[in-house]
$ cat model01.txt   # compact mmCIF, C-alpha atoms
# COMPACT_ATOMS: atom_id res chain seq x y z
CA MET A 1 -13.60 12.26 -7.54
CA ARG A 2 -16.71 10.16 -7.23
CA PHE A 3 -17.59 7.07 -5.25
CA SER A 4 -20.21 4.55 -6.18
CA PRO A 5 -22.84 4.38 -3.45
CA ALA A 6 -21.69 0.89 -2.55
CA ALA A 7 -18.03 1.92 -2.29
CA TRP A 8 -18.96 4.92 -0.16
CA ALA A 9 -21.16 2.84 2.11
CA LYS A 10 -18.38 0.29 2.48
CA LEU A 11 -15.86 2.96 3.38
CA LEU A 12 -18.16 4.42 6.04
CA PHE A 13 -18.81 0.93 7.40
CA LEU A 14 -15.10 0.10 7.57
CA ARG A 15 -14.29 3.44 9.17
CA ASP A 16 -16.82 2.85 11.92
CA LEU A 17 -16.04 -0.80 12.67
CA GLY A 18 -13.12 0.02 14.95
CA GLU A 19 -11.54 2.85 16.85
CA THR A 20 -8.50 3.00 14.61
CA GLU A 21 -7.47 4.41 11.31
CA VAL A 22 -8.07 2.07 8.41
CA GLY A 23 -6.77 2.24 4.87
CA GLY A 24 -6.98 0.69 1.45
CA PHE A 25 -6.91 1.29 -2.27
CA GLY A 26 -9.67 2.75 -4.38
CA VAL A 27 -10.46 0.50 -7.33
CA THR A 28 -11.91 2.38 -10.25
CA ALA A 29 -13.78 1.83 -13.45
CA ALA A 30 -11.50 1.25 -16.45
CA GLU A 31 -12.99 4.12 -18.41
CA ASP A 32 -13.26 6.54 -15.48
CA LEU A 33 -10.22 6.52 -13.22
CA LEU A 34 -11.72 8.96 -10.74
CA PHE A 35 -14.84 6.87 -10.19
CA VAL A 36 -14.21 4.54 -7.24
CA GLU A 37 -16.22 1.36 -7.50
CA ASP A 38 -14.68 -0.40 -4.53
CA VAL A 39 -12.39 0.23 -1.59
CA VAL A 40 -10.17 -2.78 -0.96
CA LEU A 41 -8.31 -3.36 2.28
CA VAL A 42 -4.92 -5.00 2.55
CA LYS A 43 -3.41 -6.42 5.70
CA GLN A 44 -2.47 -3.55 7.96
CA ILE A 45 -1.54 -2.67 11.50
CA CYS A 46 -3.71 0.12 12.85
CA THR A 47 -3.88 2.32 15.89
CA PRO A 48 -6.13 5.30 16.61
CA LEU A 49 -3.20 7.38 15.35
CA SER A 50 -1.78 5.43 12.46
CA VAL A 51 -2.11 2.79 9.79
CA VAL A 52 0.74 0.77 8.29
CA PHE A 53 0.14 -1.49 5.31
CA ASP A 54 1.88 -4.84 5.17
CA ASP A 55 4.28 -4.80 2.22
CA VAL A 56 3.66 -8.43 1.27
CA ALA A 57 -0.08 -7.85 1.36
CA VAL A 58 0.34 -4.88 -0.98
CA ALA A 59 2.26 -7.10 -3.39
CA ASP A 60 -0.44 -9.77 -3.09
CA PHE A 61 -3.07 -7.11 -3.78
CA PHE A 62 -1.26 -6.13 -6.97
CA ASP A 63 -1.13 -9.78 -8.06
CA GLN A 64 -4.80 -10.29 -7.34
CA GLN A 65 -5.90 -7.22 -9.24
CA VAL A 66 -3.69 -8.03 -12.24
CA ASP A 67 -5.16 -11.54 -12.25
CA ARG A 68 -8.59 -9.89 -12.45
CA GLY A 69 -7.44 -8.15 -15.59
CA LEU A 70 -7.09 -4.69 -14.07
CA LYS A 71 -4.31 -2.24 -14.82
CA PRO A 72 -2.32 -0.55 -12.03
CA GLN A 73 -3.92 2.79 -12.89
CA GLN A 74 -7.26 1.27 -11.86
CA PHE A 75 -6.23 -0.10 -8.50
CA ALA A 76 -3.00 1.56 -7.35
CA ARG A 77 -3.48 5.27 -7.85
CA ILE A 78 -6.01 6.15 -5.17
CA TRP A 79 -4.78 5.75 -1.62
CA VAL A 80 -7.66 5.84 0.85
CA HIS A 81 -7.49 6.03 4.61
CA THR A 82 -9.51 7.31 7.53
CA HIS A 83 -8.76 9.63 10.40
CA PRO A 84 -10.50 9.11 13.71
CA GLY A 85 -11.61 12.50 14.94
CA ASP A 86 -12.67 15.48 12.95
CA CYS A 87 -9.60 16.39 10.91
CA PRO A 88 -9.26 15.03 7.38
CA GLN A 89 -6.12 17.03 6.66
CA PRO A 90 -3.05 14.94 5.81
CA SER A 91 -0.29 14.60 8.38
CA ASP A 92 3.42 14.77 7.72
CA THR A 93 3.43 10.97 7.60
CA ASP A 94 0.64 11.02 5.03
CA GLU A 95 2.55 13.52 2.93
CA GLU A 96 5.75 11.52 3.19
CA THR A 97 4.01 8.37 2.00
CA PHE A 98 2.17 10.19 -0.77
CA GLY A 99 5.41 11.67 -2.04
CA ARG A 100 7.63 8.63 -1.68
CA VAL A 101 5.25 5.86 -2.69
CA PHE A 102 3.05 7.64 -5.19
CA GLY A 103 5.57 10.20 -6.42
CA ALA A 104 6.91 7.91 -9.14
CA THR A 105 3.50 7.27 -10.67
CA ASP A 106 2.15 9.47 -13.44
CA TRP A 107 -0.68 10.57 -11.19
CA ALA A 108 -2.08 9.72 -7.78
CA LEU A 109 -4.82 10.73 -5.43
CA MET A 110 -4.79 10.86 -1.65
CA PHE A 111 -8.21 10.57 -0.06
CA ILE A 112 -8.82 10.90 3.67
CA LEU A 113 -12.15 10.48 5.41
CA ALA A 114 -12.47 11.77 8.96
CA GLN A 115 -14.75 10.32 11.58
CA ASN A 116 -17.09 13.27 11.47
CA GLY A 117 -17.65 12.89 7.73
CA GLN A 118 -15.32 15.57 6.46
CA SER A 119 -13.06 14.45 3.68
CA TYR A 120 -9.94 15.49 1.84
CA ALA A 121 -8.98 14.61 -1.71
CA ARG A 122 -5.89 15.82 -3.53
CA LEU A 123 -4.99 14.88 -7.06
CA ARG A 124 -1.39 15.11 -8.12
CA PHE A 125 0.15 14.83 -11.56
CA ASN A 126 3.76 13.76 -11.62
CA ALA A 127 4.16 13.67 -15.40
CA GLY A 128 5.34 16.69 -17.34
CA PRO A 129 5.62 19.85 -15.30
CA GLY A 130 3.55 18.21 -12.58
CA GLY A 131 0.99 19.84 -10.38
CA GLU A 132 -1.60 19.11 -7.75
CA MET A 133 -4.96 20.34 -6.63
CA PRO A 134 -7.67 19.55 -4.12
CA ILE A 135 -10.69 18.09 -5.85
CA PRO A 136 -14.32 17.78 -4.81
CA VAL A 137 -15.74 14.47 -3.65
CA ALA A 138 -19.19 13.15 -4.48
CA VAL A 139 -21.24 9.99 -4.41
CA ASP A 140 -22.46 9.17 -7.90
CA TYR A 141 -25.86 7.47 -8.05
CA ARG A 142 -26.18 7.58 -11.83
CA ARG A 143 -24.64 4.17 -12.49
CA PRO A 144 -25.91 0.80 -11.37
CA PHE A 145 -24.40 -0.29 -8.08
CA PRO A 146 -24.50 -3.39 -5.91
CA ALA A 147 -26.26 -3.65 -2.57
CA SER A 148 -24.43 -3.25 0.69
CA ASP A 149 -22.93 -6.40 2.14
CA HIS A 150 -22.07 -5.89 5.77
CA ASP A 151 -21.12 -9.51 6.36
CA ALA A 152 -18.58 -9.48 3.54
CA TRP A 153 -17.24 -6.07 4.56
CA ARG A 154 -16.89 -7.18 8.18
CA ALA A 155 -15.09 -10.32 7.06
CA GLU A 156 -12.72 -8.26 4.91
CA TYR A 157 -12.04 -6.00 7.87
CA SER A 158 -11.43 -8.89 10.24
CA ALA A 159 -9.10 -10.57 7.78
CA ASN A 160 -6.98 -7.51 7.20
CA VAL A 161 -7.06 -5.07 10.09
CA GLN A 162 -4.86 -5.82 13.06
CA GLU A 163 -5.33 -3.31 15.83
CA GLU A 164 -2.38 -1.90 17.69
CA GLU A 165 -0.11 -4.88 17.81
CA PHE A 166 3.09 -2.91 17.58
CA PHE A 167 5.24 -5.86 18.55
CA ASP A 168 3.83 -8.39 16.13
CA ARG A 169 5.63 -7.22 13.08
CA ILE A 170 4.37 -8.62 9.85
CA GLY A 171 7.34 -9.59 7.76
CA PRO A 172 7.74 -10.97 4.27
CA ALA A 173 6.47 -14.46 3.62
CA ALA A 174 8.73 -17.21 4.82
CA LEU A 175 12.11 -16.63 3.29
CA SER A 176 14.03 -19.58 2.06
CA ASP A 177 16.95 -20.37 -0.12
CA PRO A 178 16.32 -23.75 -1.63
CA GLY A 179 19.40 -23.46 -3.76
CA SER A 180 22.07 -23.32 -1.10
CA GLU A 181 22.60 -24.25 2.50
CA LYS A 182 25.86 -22.37 2.86
CA LYS A 183 24.95 -19.02 1.40
CA PRO A 184 22.39 -17.07 3.45
CA PHE A 185 19.46 -15.86 1.44
CA VAL A 186 19.33 -12.10 1.03
CA PRO A 187 16.19 -10.83 -0.65
CA PHE A 188 16.72 -8.25 -3.37
CA GLY A 189 14.87 -5.02 -2.71
CA PHE A 190 13.21 -3.91 0.47
CA ASP A 191 13.64 -6.21 3.48
CA ARG A 192 11.14 -5.43 6.20
CA ASP A 193 12.99 -7.59 8.69
CA ALA A 194 16.07 -5.46 8.27
CA ASP A 195 14.16 -2.24 8.62
CA VAL A 196 14.89 -0.27 11.72
CA TRP A 197 11.74 1.77 12.12
CA LEU A 198 10.92 0.19 15.47
CA ASP A 199 14.41 1.03 16.67
CA ASP A 200 13.91 4.57 15.50
CA TRP A 201 10.52 4.67 17.19
CA PHE A 202 11.72 3.50 20.57
CA GLY A 203 15.25 4.82 20.37
CA PRO A 204 14.62 8.08 22.23
CA PHE A 205 13.14 6.17 25.17
CA GLU A 206 15.97 3.73 25.60
CA GLU A 207 18.26 6.19 27.30
CA LEU A 208 15.63 7.50 29.70
CA PRO A 209 15.41 6.42 33.35
CA LEU A 210 12.33 4.36 34.08
CA MET A 211 10.49 7.13 35.92
CA GLU A 212 10.88 9.46 32.96
CA GLU A 213 9.53 6.74 30.69
CA VAL A 214 6.51 6.43 32.95
CA ALA A 215 6.09 10.19 32.88
CA LEU A 216 6.12 10.13 29.11
CA GLY A 217 3.51 7.44 29.06
CA SER A 218 5.49 4.57 27.62
CA HIS A 219 4.69 2.39 30.64
CA ILE A 220 1.05 2.24 31.57
CA MET B 221 11.61 -15.56 -23.46
CA LYS B 222 8.61 -13.82 -21.95
CA ILE B 223 7.88 -12.96 -18.35
CA LEU B 224 4.96 -11.18 -16.71
CA TYR B 225 6.13 -7.87 -15.33
CA ILE B 226 4.17 -5.82 -12.79
CA ASN B 227 5.26 -2.37 -11.77
CA ASN B 228 3.45 0.68 -10.45
CA ASP B 229 5.79 3.44 -11.58
CA GLY B 230 4.92 5.83 -14.37
CA GLY B 231 1.70 4.77 -15.98
CA GLY B 232 1.91 1.39 -14.30
CA PHE B 233 2.64 -1.82 -16.08
CA ALA B 234 1.19 -5.32 -15.95
CA ASP B 235 1.98 -7.25 -19.08
CA TYR B 236 4.35 -9.70 -20.67
CA VAL B 237 7.77 -8.49 -21.74
CA GLU B 238 10.67 -10.09 -23.56
CA VAL B 239 13.88 -10.65 -21.64
CA ALA B 240 17.10 -12.31 -22.66
CA GLU B 241 17.99 -15.75 -21.40
CA GLY B 242 20.16 -15.55 -18.32
CA THR B 243 18.80 -12.20 -17.14
CA THR B 244 19.04 -11.86 -13.38
CA VAL B 245 16.54 -10.10 -11.15
CA GLN B 246 19.09 -7.38 -10.46
CA ALA B 247 19.78 -6.81 -14.16
CA PHE B 248 16.08 -6.73 -14.93
CA PHE B 249 15.45 -4.20 -12.18
CA ALA B 250 18.28 -1.99 -13.41
CA ALA B 251 16.92 -2.08 -16.95
CA ARG B 252 13.32 -1.39 -16.00
CA VAL B 253 13.79 1.03 -13.12
CA PRO B 254 17.05 2.76 -14.02
CA HIS B 255 16.60 5.58 -11.53
CA GLY B 256 15.10 3.49 -8.77
CA LYS B 257 16.63 1.95 -5.68
CA PRO B 258 15.86 -1.70 -4.94
CA HIS B 259 15.35 -0.85 -1.28
CA ASP B 260 12.29 1.20 -2.22
CA TYR B 261 10.44 -1.80 -3.63
CA LEU B 262 9.29 -5.22 -2.58
CA ILE B 263 10.75 -7.32 -5.38
CA ARG B 264 9.18 -10.71 -5.92
CA VAL B 265 9.44 -13.49 -8.47
CA ASN B 266 6.44 -15.78 -8.63
CA ARG B 267 5.09 -14.16 -5.46
CA GLN B 268 8.22 -14.95 -3.45
CA PRO B 269 11.17 -12.78 -2.43
CA ALA B 270 14.03 -13.17 -4.84
CA ALA B 271 17.79 -12.92 -4.59
CA ALA B 272 19.57 -10.36 -6.74
CA ASP B 273 21.34 -13.04 -8.73
CA GLN B 274 18.29 -15.21 -9.33
CA VAL B 275 18.04 -15.95 -13.04
CA LEU B 276 14.64 -15.33 -14.58
CA ARG B 277 12.89 -18.15 -16.40
CA GLU B 278 10.23 -18.31 -19.07
CA GLY B 279 6.82 -17.48 -17.65
CA ASP B 280 8.07 -15.96 -14.41
CA ARG B 281 5.99 -13.28 -12.75
CA VAL B 282 8.15 -10.39 -11.56
CA SER B 283 6.70 -7.58 -9.48
CA PHE B 284 8.15 -4.39 -8.06
CA THR B 285 5.64 -3.01 -5.60
CA PRO B 286 5.70 -0.10 -3.17
CA VAL B 287 6.66 -0.48 0.47
CA LYS B 288 6.03 1.34 3.72
CA ILE B 289 2.63 2.76 2.93
CA GLU B 290 1.86 4.50 6.19
CA GLY B 291 -0.63 7.06 7.36
CA ALA B 292 -1.08 8.94 10.59
CA LEU B 293 -3.15 11.58 12.27
CA PRO B 294 -1.85 15.14 11.99

$ encode --input "model01.txt" --output "structure tokens"
Amino acid sequence: MRFSPAAWAKLLFLRDLGETEVGGFGVTAAEDLLFVEDVVLVKQICTPLSVVFDDVAVADFFDQQVDRGLKPQQFARIWVHTHPGDCPQPSDTDEETFGRVFGATDWALMFILAQNGQSYARLRFNAGPGGEMPIPVAVDYRRPFPASDHDAWRAEYSANVQEEEFFDRIGPAALSDPGSEKKPFVPFGFDRDADVWLDDWFGPFEELPLMEEVALGSHI
Amino acid sequence: MKILYINNDGGGFADYVEVAEGTTVQAFFAARVPHGKPHDYLIRVNRQPAAADQVLREGDRVSFTPVKIEGALP
């Protein structure tokens, strides 16, 4: 796996802009799918411990890249995110996402960059008998590359990264049913509003007395 | 009629496909992702959420994109 110098510089810049994790997709050259030319952010909610992409923003990202003439294998195979701290190893959450989201693609790559500069890259093939392997990471200076653009990178970060706003859930775009007033609109497919992950997250605390909640750090 | 279909599964797909008149979003999903579950995708028509029984029209853009992309520290 190789990064263009500009893509690598951008990733380092984005990693260091805040105190949280940050994630995006690696966009590659058409003829070299392991050569990352850009790292593109989507709207996401981030904490120092986690990053959650907004589903609608992911769909918008797909639309934008297709409109640019790119194929999904160029923009939706390399999942990039950072880890504050010194450990680039994937967590259980990372593995769950990599398996569930990228397990249906013919191949995918999980790349993690830690705060101290260590990185982790694992390539997985889902076609045929399948298989996976860690792969080396390098910055490739042999091709022409654009200059750094901190203003644009900062603007992209500001437009997409929302830090630790657990309670401001980002849902699908305004749902409407222009065809009927009587029949409630039920979107086909995943419905973030109906998802219960926050209930799951806070569920164990709901039965605890207040003092135990304080002891566990949920009230500060 | 032709619609633009975007999907990330397999080798990925972003191109025009032929569908029969009267095809619903649900029927199209079942035909294109026979082993998939709708709940695992954000399903949109022309960049908007769609009902299962929405009938596709010429030129529609239909996308099935991944959901719940989440990372965390170990």

$ residues_around --input "model01.txt" --residues "Glu163 in chain A" --least-positions-apart "2" --cutoff "8 Å" --atoms "only C-alpha atoms" --output "PyMOL selection string"
chain A and resi 20+45-47+161+165

$ residues_near_point --input "model01.txt" --point "(8.6, -12.6, -8.2)" --cutoff "8 Å" --atoms "all atoms listed in the file" --output "mmCIF file with C-alpha atoms, in the frame of the given file"
data_model
loop_
_atom_site.group_PDB
_atom_site.id
_atom_site.type_symbol
_atom_site.label_atom_id
_atom_site.label_comp_id
_atom_site.auth_asym_id
_atom_site.auth_seq_id
_atom_site.Cartn_x
_atom_site.Cartn_y
_atom_site.Cartn_z
ATOM 1 C CA ILE B 263 10.750 -7.320 -5.380
ATOM 2 C CA ARG B 264 9.180 -10.710 -5.920
ATOM 3 C CA VAL B 265 9.440 -13.490 -8.470
ATOM 4 C CA ASN B 266 6.440 -15.780 -8.630
ATOM 5 C CA ARG B 267 5.090 -14.160 -5.460
ATOM 6 C CA GLN B 268 8.220 -14.950 -3.450
ATOM 7 C CA PRO B 269 11.170 -12.780 -2.430
ATOM 8 C CA ALA B 270 14.030 -13.170 -4.840
ATOM 9 C CA ASP B 280 8.070 -15.960 -14.410
ATOM 10 C CA ARG B 281 5.990 -13.280 -12.750
ATOM 11 C CA VAL B 282 8.150 -10.390 -11.560
ATOM 12 C CA SER B 283 6.700 -7.580 -9.480
#

$ interface_residues --input "model01.txt" --of "chain B" --to "chain A" --cutoff "10 Å" --atoms "all atoms listed in the file" --output "VMD selection string"
chain B and resid 226 to 235 245 to 246 249 256 to 264 266 to 274 281 to 294

$ atom_distance --input "model01.txt" --atom1 "CA of Arg122 in chain A" --atom2 "CA of Ile135 in chain A"
5.8 Å

$ residues_around --input "model01.txt" --residues "Pro144 in chain A" --least-positions-apart "5" --cutoff "10 Å" --atoms "only C-alpha atoms" --output "PyMOL selection string"
chain A and resi 4-6

$ atom_distance --input "model01.txt" --atom1 "CA of Ala7 in chain A" --atom2 "CA of Met133 in chain A"
23.0 Å

$ atom_distance --input "model01.txt" --atom1 "CA of Arg68 in chain A" --atom2 "CA of Val253 in chain B"
24.9 Å

$ residues_around --input "model01.txt" --residues "Trp153 in chain A" --least-positions-apart "3" --cutoff "8 Å" --atoms "only C-alpha atoms" --output "VMD selection string"
chain A and resid 10 13 to 14 149 to 150 156 to 157
